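Below is one structure; the comments refer to it alone.
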Amino acid sequence: MKKTIISGIMAVTFAAMALAGCGQTTVTVNTPEQADESSSEAGEKGTIRVGSKDFTENEIVSEIYALALEDAGYTVDRVFDISSSVIHQSIVNDEVDLYPEYTGTGLLSILQEDLVTDPDEVYAIVKKEYEEQFSLTWLDYAKANDGQGIFVSKKASDEYGIKTISDLQANAENIRFASQGEFDEREDGIPGLEKVYGPFNWKSTKVYDNGLKYEVVENDEADASPAYTTEGQLSQTDKFVLLEDDKQVWPPYNLAPVVRDNILDAYPDIADILNKVSASIDTATITALNARVDVDKEEYEDVAASFYDSIK
């Protein structure tokens with residue numbers, strides 16, 4: 001995914017948080033008592049700290065959350081571009097109040113549970129365990145599924161009839177695979193696929209930087225590569241074909257807001273506000289929004305604002 005590493009270290013005190021590199025200091029409301037005391041300083045309903053991970057999709061969704069909360073009378077402190085590896089600890093440490101997370105990430109990376117492929121079952125597990133272990137609530141999950149995948153060039157798809165991962169495995173001897181290295185070793189990468197689909201005997205395989213994968217496939221230097229299933233480039237269906245995981249090896253990565261319990265206790269209407277946003281987002285929608293940023297080079301704030309205007 002598209003990543004921009006956050007610069008600086010977030011320092012959080014009991015009443016205020018300074019964002020390094022942004023020069024902002026805001027009053028943070030975390031309890032009903034604080035809300036009553038600080039309403040005059042932090043807006044009619046108080047301040048909510050909305051976090052985001054450091055890639056396009058999460059920035060867009062976090063900005064939509066922020067706009068919806070502002071529209072409902074909240075003041076929003078945007079704490080964006082947090083490294084994916086530390087954002088969970090950020091919310092646990094009371095540095096942000098909510099952020100968009102993925103059910104598969106919660107299941108495998110945070111909880112380190114066994115692989116589950118049913119979306120509702122994954123959601124039930126993460127919702128229960130996050131509440132018990134971290135005092136965090138998963139709100140409703142969106143239909144958008146930003147999971148692991150593999151794409152091939154439109155040329156290879158047409159030439160060899162490749163539409164599914166089963167098709168890819170059967171034609172692997174004709175395919176030049178652009179790997180990202182770790183995909184060849186991870187349990188949810190080639191090893192996991194081969195347990196279900198059988199061996200992938202590529203014509204050739206070469207490791208490329210993740211940011212180059214679409215370029216090398218478009219330039220006919222490779223035929224296939226791993227991808228995340230809502231990357232904006234995949235909207236270019238005249239160039240790339242995202243393959244169906246027809247044997248359901250990969251878990252779902254449905255998008256949902258994760259919120260600190262004390263925030264929901266103080267402001268219960270936040271659940272309805274954010275659930276309305278989630279209900280409006282499916283895989284095709286978020287892929288198109290990502291494409292406007294990563295392909296058309298629009299600013300994510302503008303893309304989020306235009307989408308929010310269309311659903312409010």
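Ligands are numbered from 1 in the order shown, residues from 1 within each chain, and chains are lettered A, B, ... in the order they appear in the structure tokens.
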
I'd like to know which residues of segment 41-255 of chain A are strand (DSSP E) (by DSSP, run on the backbone); could you write them as a ChimeraX atom specification?
/A:47-53,75-82,98-102,136-138,148-153,176-179,204-207,224-228,240-242,255

Generate a file of the selected residues that holds N, CA and C atoms, formatted as a tab-separated table (two decimals), in the first residue's frame.
chain	number	residue	atom	x	y	z
A	47	THR	N	-13.98	17.41	21.63
A	47	THR	CA	-12.99	17.08	20.60
A	47	THR	C	-12.79	15.58	20.51
A	48	ILE	N	-12.78	15.08	19.28
A	48	ILE	CA	-12.52	13.67	19.01
A	48	ILE	C	-11.24	13.57	18.19
A	49	ARG	N	-10.33	12.72	18.64
A	49	ARG	CA	-9.07	12.52	17.92
A	49	ARG	C	-9.23	11.36	16.94
A	50	VAL	N	-9.26	11.67	15.67
A	50	VAL	CA	-9.42	10.65	14.63
A	50	VAL	C	-8.05	10.31	14.05
A	51	GLY	N	-7.67	9.05	14.15
A	51	GLY	CA	-6.40	8.60	13.62
A	51	GLY	C	-6.54	7.99	12.24
A	52	SER	N	-5.40	7.85	11.55
A	52	SER	CA	-5.38	7.10	10.30
A	52	SER	C	-4.03	6.43	10.14
A	53	LYS	N	-4.03	5.32	9.42
A	53	LYS	CA	-2.78	4.70	9.02
A	53	LYS	C	-2.15	5.51	7.90
A	75	THR	N	-15.70	18.86	17.39
A	75	THR	CA	-14.40	19.35	16.93
A	75	THR	C	-13.51	18.12	16.73
A	76	VAL	N	-12.80	18.07	15.60
A	76	VAL	CA	-11.99	16.90	15.28
A	76	VAL	C	-10.53	17.26	15.23
A	77	ASP	N	-9.73	16.51	15.95
A	77	ASP	CA	-8.28	16.60	15.89
A	77	ASP	C	-7.80	15.46	15.01
A	78	ARG	N	-7.28	15.76	13.83
A	78	ARG	CA	-6.83	14.75	12.88
A	78	ARG	C	-5.39	14.32	13.22
A	79	VAL	N	-5.23	13.05	13.53
A	79	VAL	CA	-3.92	12.48	13.87
A	79	VAL	C	-3.62	11.44	12.81
A	80	PHE	N	-3.22	11.91	11.62
A	80	PHE	CA	-3.14	11.05	10.46
A	80	PHE	C	-1.71	10.55	10.22
A	81	ASP	N	-1.62	9.57	9.31
A	81	ASP	CA	-0.34	9.02	8.84
A	81	ASP	C	0.47	8.36	9.96
A	82	ILE	N	-0.20	7.62	10.81
A	82	ILE	CA	0.48	6.83	11.83
A	82	ILE	C	0.91	5.50	11.19
A	98	LEU	N	-10.23	7.02	17.83
A	98	LEU	CA	-10.80	6.06	16.87
A	98	LEU	C	-9.97	6.10	15.60
A	99	TYR	N	-10.08	5.03	14.81
A	99	TYR	CA	-9.44	4.98	13.49
A	99	TYR	C	-10.05	3.83	12.69
A	100	PRO	N	-9.90	3.81	11.38
A	100	PRO	CA	-10.41	2.70	10.58
A	100	PRO	C	-9.44	1.51	10.65
A	101	GLU	N	-9.98	0.34	10.93
A	101	GLU	CA	-9.17	-0.87	10.98
A	101	GLU	C	-9.80	-1.94	10.10
A	102	TYR	N	-9.08	-3.01	9.87
A	102	TYR	CA	-9.52	-4.09	9.01
A	102	TYR	C	-9.68	-5.35	9.85
A	136	LEU	N	-11.97	-1.60	23.64
A	136	LEU	CA	-12.20	-0.98	22.34
A	136	LEU	C	-13.41	-1.63	21.69
A	137	THR	N	-14.20	-0.81	20.99
A	137	THR	CA	-15.40	-1.31	20.31
A	137	THR	C	-15.24	-1.24	18.80
A	138	TRP	N	-15.53	-2.36	18.15
A	138	TRP	CA	-15.66	-2.36	16.68
A	138	TRP	C	-17.10	-1.98	16.35
A	148	GLN	N	-5.87	-9.45	0.79
A	148	GLN	CA	-4.76	-9.89	-0.05
A	148	GLN	C	-5.31	-10.39	-1.37
A	149	GLY	N	-4.54	-10.22	-2.43
A	149	GLY	CA	-4.96	-10.70	-3.74
A	149	GLY	C	-3.78	-10.81	-4.69
A	150	ILE	N	-4.07	-11.26	-5.89
A	150	ILE	CA	-3.08	-11.31	-6.97
A	150	ILE	C	-3.76	-10.76	-8.22
A	151	PHE	N	-3.04	-9.94	-8.95
A	151	PHE	CA	-3.55	-9.46	-10.23
A	151	PHE	C	-2.63	-9.91	-11.36
A	152	VAL	N	-3.18	-9.97	-12.56
A	152	VAL	CA	-2.39	-10.27	-13.76
A	152	VAL	C	-2.66	-9.18	-14.78
A	153	SER	N	-1.80	-9.10	-15.76
A	153	SER	CA	-2.03	-8.15	-16.84
A	153	SER	C	-3.26	-8.58	-17.64
A	176	ARG	N	5.38	-14.76	-15.60
A	176	ARG	CA	6.52	-14.11	-14.92
A	176	ARG	C	5.96	-13.40	-13.70
A	177	PHE	N	6.40	-13.83	-12.52
A	177	PHE	CA	5.80	-13.35	-11.28
A	177	PHE	C	6.66	-12.25	-10.67
A	178	ALA	N	6.03	-11.10	-10.40
A	178	ALA	CA	6.70	-9.98	-9.73
A	178	ALA	C	6.38	-10.06	-8.24
A	179	SER	N	7.28	-10.61	-7.47
A	179	SER	CA	7.05	-10.79	-6.04
A	179	SER	C	7.51	-9.56	-5.27
A	204	SER	N	9.18	-17.49	-14.41
A	204	SER	CA	10.28	-16.79	-13.73
A	204	SER	C	9.69	-16.02	-12.56
A	205	THR	N	10.53	-15.70	-11.61
A	205	THR	CA	10.09	-14.86	-10.49
A	205	THR	C	11.21	-13.92	-10.11
A	206	LYS	N	10.84	-12.68	-9.83
A	206	LYS	CA	11.81	-11.65	-9.49
A	206	LYS	C	11.19	-10.74	-8.45
A	207	VAL	N	12.00	-10.30	-7.48
A	207	VAL	CA	11.51	-9.43	-6.42
A	207	VAL	C	11.57	-7.98	-6.87
A	224	ALA	N	2.27	-10.97	-13.43
A	224	ALA	CA	1.41	-11.07	-12.25
A	224	ALA	C	2.14	-10.57	-11.02
A	225	SER	N	1.37	-10.15	-10.01
A	225	SER	CA	1.97	-9.64	-8.79
A	225	SER	C	0.94	-9.67	-7.67
A	226	PRO	N	1.38	-9.75	-6.40
A	226	PRO	CA	0.45	-9.60	-5.28
A	226	PRO	C	-0.11	-8.18	-5.24
A	227	ALA	N	-1.28	-8.05	-4.63
A	227	ALA	CA	-1.92	-6.73	-4.51
A	227	ALA	C	-2.84	-6.74	-3.31
A	228	TYR	N	-3.24	-5.53	-2.90
A	228	TYR	CA	-4.37	-5.39	-1.99
A	228	TYR	C	-5.60	-5.08	-2.84
A	240	PHE	N	-5.30	-4.28	-15.97
A	240	PHE	CA	-5.06	-5.25	-14.90
A	240	PHE	C	-6.33	-6.02	-14.57
A	241	VAL	N	-6.17	-7.29	-14.19
A	241	VAL	CA	-7.30	-8.13	-13.80
A	241	VAL	C	-7.01	-8.69	-12.40
A	242	LEU	N	-7.86	-8.35	-11.43
A	242	LEU	CA	-7.75	-8.90	-10.08
A	242	LEU	C	-8.38	-10.29	-10.08
A	255	LEU	N	-13.51	-3.23	6.45
A	255	LEU	CA	-13.17	-1.96	7.08
A	255	LEU	C	-14.22	-1.59	8.11

Write out as a list in words the residues lying within 9 Å of Arg260 of chain A, counting only C-alpha atoms and excluding same-chain residues fewer than 2 positions away.
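After dropping sequence-adjacent residues, the list is Ile91, Val92, Asp94, Val96, Asp97, Leu98, Phe134, Ser135, Leu136, Thr137, Val258, Asn262, Ile263, Leu264 and Asp265 of chain A.
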
Give the answer as one residue: which of A:Leu193, A:Leu139, A:Leu212, A:Ile270 has the shortest atom-to-atom distance to Gln180 of chain A, using only C-alpha atoms?
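Among the listed residues, the smallest separation from Gln180 of chain A belongs to A:Leu212.
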
Show me, as a list of chain:residue names, the residues that have an atom within 9 Å of Ile311 of chain A when counting only C-alpha atoms, minus same-chain residues fewer than 5 positions from it.
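The residues satisfying every condition are A:Lys276, A:Val277, A:Ser280.
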
Prev. selection, all heavy atoms, output as an mmCIF file, in the first residue's frame:
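Contents of the output file part15.cif:
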data_model
loop_
_atom_site.group_PDB
_atom_site.id
_atom_site.type_symbol
_atom_site.label_atom_id
_atom_site.label_comp_id
_atom_site.auth_asym_id
_atom_site.auth_seq_id
_atom_site.Cartn_x
_atom_site.Cartn_y
_atom_site.Cartn_z
ATOM 1 N N LYS A 276 -23.265 5.025 9.716
ATOM 2 C CA LYS A 276 -23.852 5.523 8.473
ATOM 3 C C LYS A 276 -22.782 5.635 7.391
ATOM 4 O O LYS A 276 -23.024 5.295 6.222
ATOM 5 C CB LYS A 276 -24.515 6.885 8.708
ATOM 6 C CG LYS A 276 -25.147 7.468 7.453
ATOM 7 C CD LYS A 276 -25.756 8.839 7.702
ATOM 8 C CE LYS A 276 -26.317 9.433 6.408
ATOM 9 N NZ LYS A 276 -26.880 10.792 6.627
ATOM 10 N N VAL A 277 -21.597 6.092 7.762
ATOM 11 C CA VAL A 277 -20.504 6.160 6.802
ATOM 12 C C VAL A 277 -20.152 4.768 6.293
ATOM 13 O O VAL A 277 -20.031 4.535 5.087
ATOM 14 C CB VAL A 277 -19.262 6.816 7.437
ATOM 15 C CG1 VAL A 277 -18.044 6.691 6.522
ATOM 16 C CG2 VAL A 277 -19.535 8.286 7.745
ATOM 17 N N SER A 280 -22.181 3.103 3.599
ATOM 18 C CA SER A 280 -22.108 3.681 2.253
ATOM 19 C C SER A 280 -20.875 3.237 1.476
ATOM 20 O O SER A 280 -20.708 3.621 0.316
ATOM 21 C CB SER A 280 -22.103 5.214 2.357
ATOM 22 O OG SER A 280 -20.893 5.670 2.935
#

Enter the distance from atom CA of Lys247 of chain A to atom CA of Glu194 of chain A, in Å, rounded to one decimal.
11.4 Å

Could you pull out the helix (DSSP H, G or I) residues of segment 20-150 of chain A from DSSP and send them as a PDB file with N, CA and C atoms, in the first residue's frame?
ATOM      1  N   PRO A  32     -17.222  11.840  30.209  1.00  0.00           N
ATOM      2  CA  PRO A  32     -18.353  12.773  30.300  1.00  0.00           C
ATOM      3  C   PRO A  32     -18.035  13.973  31.169  1.00  0.00           C
ATOM      4  N   GLU A  33     -17.286  13.766  32.284  1.00  0.00           N
ATOM      5  CA  GLU A  33     -16.945  14.877  33.158  1.00  0.00           C
ATOM      6  C   GLU A  33     -16.088  15.894  32.437  1.00  0.00           C
ATOM      7  N   GLN A  34     -15.081  15.394  31.689  1.00  0.00           N
ATOM      8  CA  GLN A  34     -14.227  16.307  30.927  1.00  0.00           C
ATOM      9  C   GLN A  34     -15.023  17.019  29.847  1.00  0.00           C
ATOM     10  N   ALA A  35     -15.992  16.292  29.258  1.00  0.00           N
ATOM     11  CA  ALA A  35     -16.814  16.911  28.220  1.00  0.00           C
ATOM     12  C   ALA A  35     -17.563  18.112  28.774  1.00  0.00           C
ATOM     13  N   ASP A  36     -18.136  17.970  29.977  1.00  0.00           N
ATOM     14  CA  ASP A  36     -18.873  19.072  30.579  1.00  0.00           C
ATOM     15  C   ASP A  36     -17.966  20.263  30.869  1.00  0.00           C
ATOM     16  N   GLU A  37     -16.755  19.971  31.341  1.00  0.00           N
ATOM     17  CA  GLU A  37     -15.845  21.032  31.737  1.00  0.00           C
ATOM     18  C   GLU A  37     -15.243  21.757  30.543  1.00  0.00           C
ATOM     19  N   SER A  38     -15.110  21.051  29.423  1.00  0.00           N
ATOM     20  CA  SER A  38     -14.325  21.600  28.320  1.00  0.00           C
ATOM     21  C   SER A  38     -15.149  21.985  27.109  1.00  0.00           C
ATOM     22  N   SER A  39     -16.482  21.890  27.183  1.00  0.00           N
ATOM     23  CA  SER A  39     -17.293  22.110  25.997  1.00  0.00           C
ATOM     24  C   SER A  39     -17.083  23.483  25.402  1.00  0.00           C
ATOM     25  N   SER A  40     -16.832  24.477  26.225  1.00  0.00           N
ATOM     26  CA  SER A  40     -16.661  25.821  25.693  1.00  0.00           C
ATOM     27  C   SER A  40     -15.367  25.964  24.919  1.00  0.00           C
ATOM     28  N   GLU A  41     -14.364  25.149  25.250  1.00  0.00           N
ATOM     29  CA  GLU A  41     -13.079  25.222  24.559  1.00  0.00           C
ATOM     30  C   GLU A  41     -13.021  24.287  23.370  1.00  0.00           C
ATOM     31  N   ALA A  42     -13.706  23.169  23.399  1.00  0.00           N
ATOM     32  CA  ALA A  42     -13.511  22.132  22.405  1.00  0.00           C
ATOM     33  C   ALA A  42     -14.684  21.987  21.450  1.00  0.00           C
ATOM     34  N   THR A  56      -3.179   5.695   1.479  1.00  0.00           N
ATOM     35  CA  THR A  56      -4.263   6.465   0.871  1.00  0.00           C
ATOM     36  C   THR A  56      -5.642   6.089   1.394  1.00  0.00           C
ATOM     37  N   GLU A  57      -5.973   4.808   1.334  1.00  0.00           N
ATOM     38  CA  GLU A  57      -7.324   4.389   1.698  1.00  0.00           C
ATOM     39  C   GLU A  57      -7.690   4.779   3.123  1.00  0.00           C
ATOM     40  N   ASN A  58      -6.780   4.535   4.047  1.00  0.00           N
ATOM     41  CA  ASN A  58      -7.067   4.859   5.434  1.00  0.00           C
ATOM     42  C   ASN A  58      -7.193   6.366   5.634  1.00  0.00           C
ATOM     43  N   GLU A  59      -6.380   7.139   4.923  1.00  0.00           N
ATOM     44  CA  GLU A  59      -6.496   8.600   4.998  1.00  0.00           C
ATOM     45  C   GLU A  59      -7.861   9.064   4.511  1.00  0.00           C
ATOM     46  N   ILE A  60      -8.311   8.513   3.388  1.00  0.00           N
ATOM     47  CA  ILE A  60      -9.612   8.905   2.840  1.00  0.00           C
ATOM     48  C   ILE A  60     -10.731   8.601   3.825  1.00  0.00           C
ATOM     49  N   VAL A  61     -10.750   7.378   4.337  1.00  0.00           N
ATOM     50  CA  VAL A  61     -11.828   6.971   5.227  1.00  0.00           C
ATOM     51  C   VAL A  61     -11.790   7.759   6.532  1.00  0.00           C
ATOM     52  N   SER A  62     -10.595   7.975   7.072  1.00  0.00           N
ATOM     53  CA  SER A  62     -10.488   8.769   8.294  1.00  0.00           C
ATOM     54  C   SER A  62     -10.985  10.185   8.078  1.00  0.00           C
ATOM     55  N   GLU A  63     -10.693  10.746   6.922  1.00  0.00           N
ATOM     56  CA  GLU A  63     -11.171  12.096   6.629  1.00  0.00           C
ATOM     57  C   GLU A  63     -12.696  12.123   6.500  1.00  0.00           C
ATOM     58  N   ILE A  64     -13.277  11.083   5.929  1.00  0.00           N
ATOM     59  CA  ILE A  64     -14.743  11.006   5.859  1.00  0.00           C
ATOM     60  C   ILE A  64     -15.331  10.923   7.266  1.00  0.00           C
ATOM     61  N   TYR A  65     -14.725  10.101   8.122  1.00  0.00           N
ATOM     62  CA  TYR A  65     -15.163  10.058   9.527  1.00  0.00           C
ATOM     63  C   TYR A  65     -15.103  11.451  10.150  1.00  0.00           C
ATOM     64  N   ALA A  66     -13.971  12.127   9.925  1.00  0.00           N
ATOM     65  CA  ALA A  66     -13.774  13.445  10.532  1.00  0.00           C
ATOM     66  C   ALA A  66     -14.838  14.431  10.063  1.00  0.00           C
ATOM     67  N   LEU A  67     -15.136  14.425   8.772  1.00  0.00           N
ATOM     68  CA  LEU A  67     -16.139  15.336   8.230  1.00  0.00           C
ATOM     69  C   LEU A  67     -17.526  15.036   8.799  1.00  0.00           C
ATOM     70  N   ALA A  68     -17.850  13.749   8.945  1.00  0.00           N
ATOM     71  CA  ALA A  68     -19.151  13.374   9.499  1.00  0.00           C
ATOM     72  C   ALA A  68     -19.274  13.826  10.954  1.00  0.00           C
ATOM     73  N   LEU A  69     -18.202  13.684  11.715  1.00  0.00           N
ATOM     74  CA  LEU A  69     -18.230  14.110  13.116  1.00  0.00           C
ATOM     75  C   LEU A  69     -18.342  15.629  13.222  1.00  0.00           C
ATOM     76  N   GLU A  70     -17.593  16.345  12.380  1.00  0.00           N
ATOM     77  CA  GLU A  70     -17.685  17.807  12.388  1.00  0.00           C
ATOM     78  C   GLU A  70     -19.092  18.263  12.011  1.00  0.00           C
ATOM     79  N   ASP A  71     -19.691  17.571  11.048  1.00  0.00           N
ATOM     80  CA  ASP A  71     -21.040  17.920  10.626  1.00  0.00           C
ATOM     81  C   ASP A  71     -22.046  17.718  11.756  1.00  0.00           C
ATOM     82  N   ILE A  87      -0.222   1.863  15.146  1.00  0.00           N
ATOM     83  CA  ILE A  87      -1.492   2.562  15.365  1.00  0.00           C
ATOM     84  C   ILE A  87      -2.356   1.860  16.413  1.00  0.00           C
ATOM     85  N   HIS A  88      -2.306   0.542  16.481  1.00  0.00           N
ATOM     86  CA  HIS A  88      -3.072  -0.145  17.522  1.00  0.00           C
ATOM     87  C   HIS A  88      -2.591   0.282  18.900  1.00  0.00           C
ATOM     88  N   GLN A  89      -1.296   0.367  19.087  1.00  0.00           N
ATOM     89  CA  GLN A  89      -0.766   0.796  20.379  1.00  0.00           C
ATOM     90  C   GLN A  89      -1.135   2.248  20.661  1.00  0.00           C
ATOM     91  N   SER A  90      -1.261   3.051  19.607  1.00  0.00           N
ATOM     92  CA  SER A  90      -1.641   4.450  19.774  1.00  0.00           C
ATOM     93  C   SER A  90      -3.032   4.583  20.384  1.00  0.00           C
ATOM     94  N   ILE A  91      -3.979   3.768  19.916  1.00  0.00           N
ATOM     95  CA  ILE A  91      -5.325   3.871  20.486  1.00  0.00           C
ATOM     96  C   ILE A  91      -5.374   3.243  21.876  1.00  0.00           C
ATOM     97  N   VAL A  92      -4.631   2.171  22.081  1.00  0.00           N
ATOM     98  CA  VAL A  92      -4.578   1.562  23.420  1.00  0.00           C
ATOM     99  C   VAL A  92      -3.968   2.534  24.428  1.00  0.00           C
ATOM    100  N   THR A 103     -10.796  -6.045   9.658  1.00  0.00           N
ATOM    101  CA  THR A 103     -11.096  -7.198  10.503  1.00  0.00           C
ATOM    102  C   THR A 103     -10.008  -8.260  10.428  1.00  0.00           C
ATOM    103  N   GLY A 104      -9.470  -8.502   9.228  1.00  0.00           N
ATOM    104  CA  GLY A 104      -8.409  -9.494   9.091  1.00  0.00           C
ATOM    105  C   GLY A 104      -7.142  -9.107   9.814  1.00  0.00           C
ATOM    106  N   THR A 105      -6.832  -7.814   9.811  1.00  0.00           N
ATOM    107  CA  THR A 105      -5.670  -7.331  10.561  1.00  0.00           C
ATOM    108  C   THR A 105      -5.866  -7.545  12.051  1.00  0.00           C
ATOM    109  N   GLY A 106      -7.061  -7.220  12.534  1.00  0.00           N
ATOM    110  CA  GLY A 106      -7.346  -7.441  13.945  1.00  0.00           C
ATOM    111  C   GLY A 106      -7.219  -8.904  14.327  1.00  0.00           C
ATOM    112  N   LEU A 107      -7.749  -9.776  13.474  1.00  0.00           N
ATOM    113  CA  LEU A 107      -7.732 -11.207  13.754  1.00  0.00           C
ATOM    114  C   LEU A 107      -6.317 -11.772  13.773  1.00  0.00           C
ATOM    115  N   LEU A 108      -5.555 -11.501  12.703  1.00  0.00           N
ATOM    116  CA  LEU A 108      -4.268 -12.165  12.523  1.00  0.00           C
ATOM    117  C   LEU A 108      -3.101 -11.405  13.137  1.00  0.00           C
ATOM    118  N   SER A 109      -3.050 -10.098  12.938  1.00  0.00           N
ATOM    119  CA  SER A 109      -1.891  -9.327  13.376  1.00  0.00           C
ATOM    120  C   SER A 109      -1.962  -8.919  14.840  1.00  0.00           C
ATOM    121  N   ILE A 110      -3.138  -8.493  15.292  1.00  0.00           N
ATOM    122  CA  ILE A 110      -3.268  -8.016  16.670  1.00  0.00           C
ATOM    123  C   ILE A 110      -3.579  -9.169  17.627  1.00  0.00           C
ATOM    124  N   PRO A 119     -16.677 -13.710   6.935  1.00  0.00           N
ATOM    125  CA  PRO A 119     -16.610 -12.317   7.406  1.00  0.00           C
ATOM    126  C   PRO A 119     -17.311 -12.077   8.735  1.00  0.00           C
ATOM    127  N   ASP A 120     -18.492 -12.651   8.917  1.00  0.00           N
ATOM    128  CA  ASP A 120     -19.226 -12.444  10.155  1.00  0.00           C
ATOM    129  C   ASP A 120     -18.522 -13.098  11.343  1.00  0.00           C
ATOM    130  N   GLU A 121     -17.929 -14.254  11.111  1.00  0.00           N
ATOM    131  CA  GLU A 121     -17.208 -14.937  12.191  1.00  0.00           C
ATOM    132  C   GLU A 121     -15.964 -14.151  12.589  1.00  0.00           C
ATOM    133  N   VAL A 122     -15.240 -13.647  11.596  1.00  0.00           N
ATOM    134  CA  VAL A 122     -14.060 -12.828  11.901  1.00  0.00           C
ATOM    135  C   VAL A 122     -14.470 -11.607  12.718  1.00  0.00           C
ATOM    136  N   TYR A 123     -15.538 -10.940  12.283  1.00  0.00           N
ATOM    137  CA  TYR A 123     -16.009  -9.749  12.985  1.00  0.00           C
ATOM    138  C   TYR A 123     -16.412 -10.073  14.420  1.00  0.00           C
ATOM    139  N   ALA A 124     -17.104 -11.177  14.615  1.00  0.00           N
ATOM    140  CA  ALA A 124     -17.541 -11.554  15.962  1.00  0.00           C
ATOM    141  C   ALA A 124     -16.348 -11.790  16.879  1.00  0.00           C
ATOM    142  N   ILE A 125     -15.301 -12.404  16.345  1.00  0.00           N
ATOM    143  CA  ILE A 125     -14.110 -12.672  17.154  1.00  0.00           C
ATOM    144  C   ILE A 125     -13.425 -11.371  17.558  1.00  0.00           C
ATOM    145  N   VAL A 126     -13.176 -10.498  16.577  1.00  0.00           N
ATOM    146  CA  VAL A 126     -12.434  -9.274  16.901  1.00  0.00           C
ATOM    147  C   VAL A 126     -13.265  -8.354  17.792  1.00  0.00           C
ATOM    148  N   LYS A 127     -14.564  -8.308  17.572  1.00  0.00           N
ATOM    149  CA  LYS A 127     -15.414  -7.441  18.398  1.00  0.00           C
ATOM    150  C   LYS A 127     -15.356  -7.891  19.858  1.00  0.00           C
ATOM    151  N   LYS A 128     -15.482  -9.180  20.098  1.00  0.00           N
ATOM    152  CA  LYS A 128     -15.467  -9.716  21.460  1.00  0.00           C
ATOM    153  C   LYS A 128     -14.102  -9.537  22.117  1.00  0.00           C
ATOM    154  N   GLU A 129     -13.035  -9.907  21.418  1.00  0.00           N
ATOM    155  CA  GLU A 129     -11.700  -9.887  22.012  1.00  0.00           C
ATOM    156  C   GLU A 129     -11.176  -8.467  22.230  1.00  0.00           C
ATOM    157  N   TYR A 130     -11.460  -7.552  21.309  1.00  0.00           N
ATOM    158  CA  TYR A 130     -11.024  -6.167  21.498  1.00  0.00           C
ATOM    159  C   TYR A 130     -11.701  -5.550  22.716  1.00  0.00           C
ATOM    160  N   GLU A 131     -12.972  -5.861  22.892  1.00  0.00           N
ATOM    161  CA  GLU A 131     -13.690  -5.331  24.053  1.00  0.00           C
ATOM    162  C   GLU A 131     -13.083  -5.874  25.337  1.00  0.00           C
ATOM    163  N   GLU A 132     -12.840  -7.170  25.385  1.00  0.00           N
ATOM    164  CA  GLU A 132     -12.347  -7.794  26.605  1.00  0.00           C
ATOM    165  C   GLU A 132     -10.893  -7.444  26.900  1.00  0.00           C
ATOM    166  N   GLN A 133     -10.068  -7.376  25.858  1.00  0.00           N
ATOM    167  CA  GLN A 133      -8.643  -7.173  26.071  1.00  0.00           C
ATOM    168  C   GLN A 133      -8.227  -5.704  26.108  1.00  0.00           C
ATOM    169  N   PHE A 134      -8.923  -4.855  25.332  1.00  0.00           N
ATOM    170  CA  PHE A 134      -8.436  -3.487  25.145  1.00  0.00           C
ATOM    171  C   PHE A 134      -9.458  -2.397  25.475  1.00  0.00           C
TER     172      PHE A 134
END

Calculate how many Å separate atom CA of Tyr267 of chain A from atom CA of Ala142 of chain A, rounding to one decimal.
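Atom CA of Ala142 of chain A lies at a distance of 21.4 Å from atom CA of Tyr267 of chain A.
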
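Every protein, DNA or RNA residue with an atom at most 12 Å from Val196 of chain A, where only C-alpha atoms count and chain neighbours fewer than 5 positions away do not, is listed here: Ile165, Ser166, Gln169, Glu187, Asp188, Gly189, Ile190, Pro191, Asp245, Asp246, Lys247, Gln248, Val249 and Trp250 of chain A.
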
Would you please work out which residue, of A:Leu168, A:Ala266, A:Ala156, A:Ile273, is nearest to Glu218 of chain A when using only C-alpha atoms?
A:Ala156

Take atom CA of Gly147 of chain A and atom CA of Gly161 of chain A and report the distance between them in Å, one decimal.
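Separation of atom CA of Gly147 of chain A and atom CA of Gly161 of chain A: 23.2 Å.
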
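Shortest separation to Asn171 of chain A among A:Asp158, A:Glu185, A:Val217, A:Trp202 occurs at residue A:Trp202, atoms counted being only C-alpha atoms.
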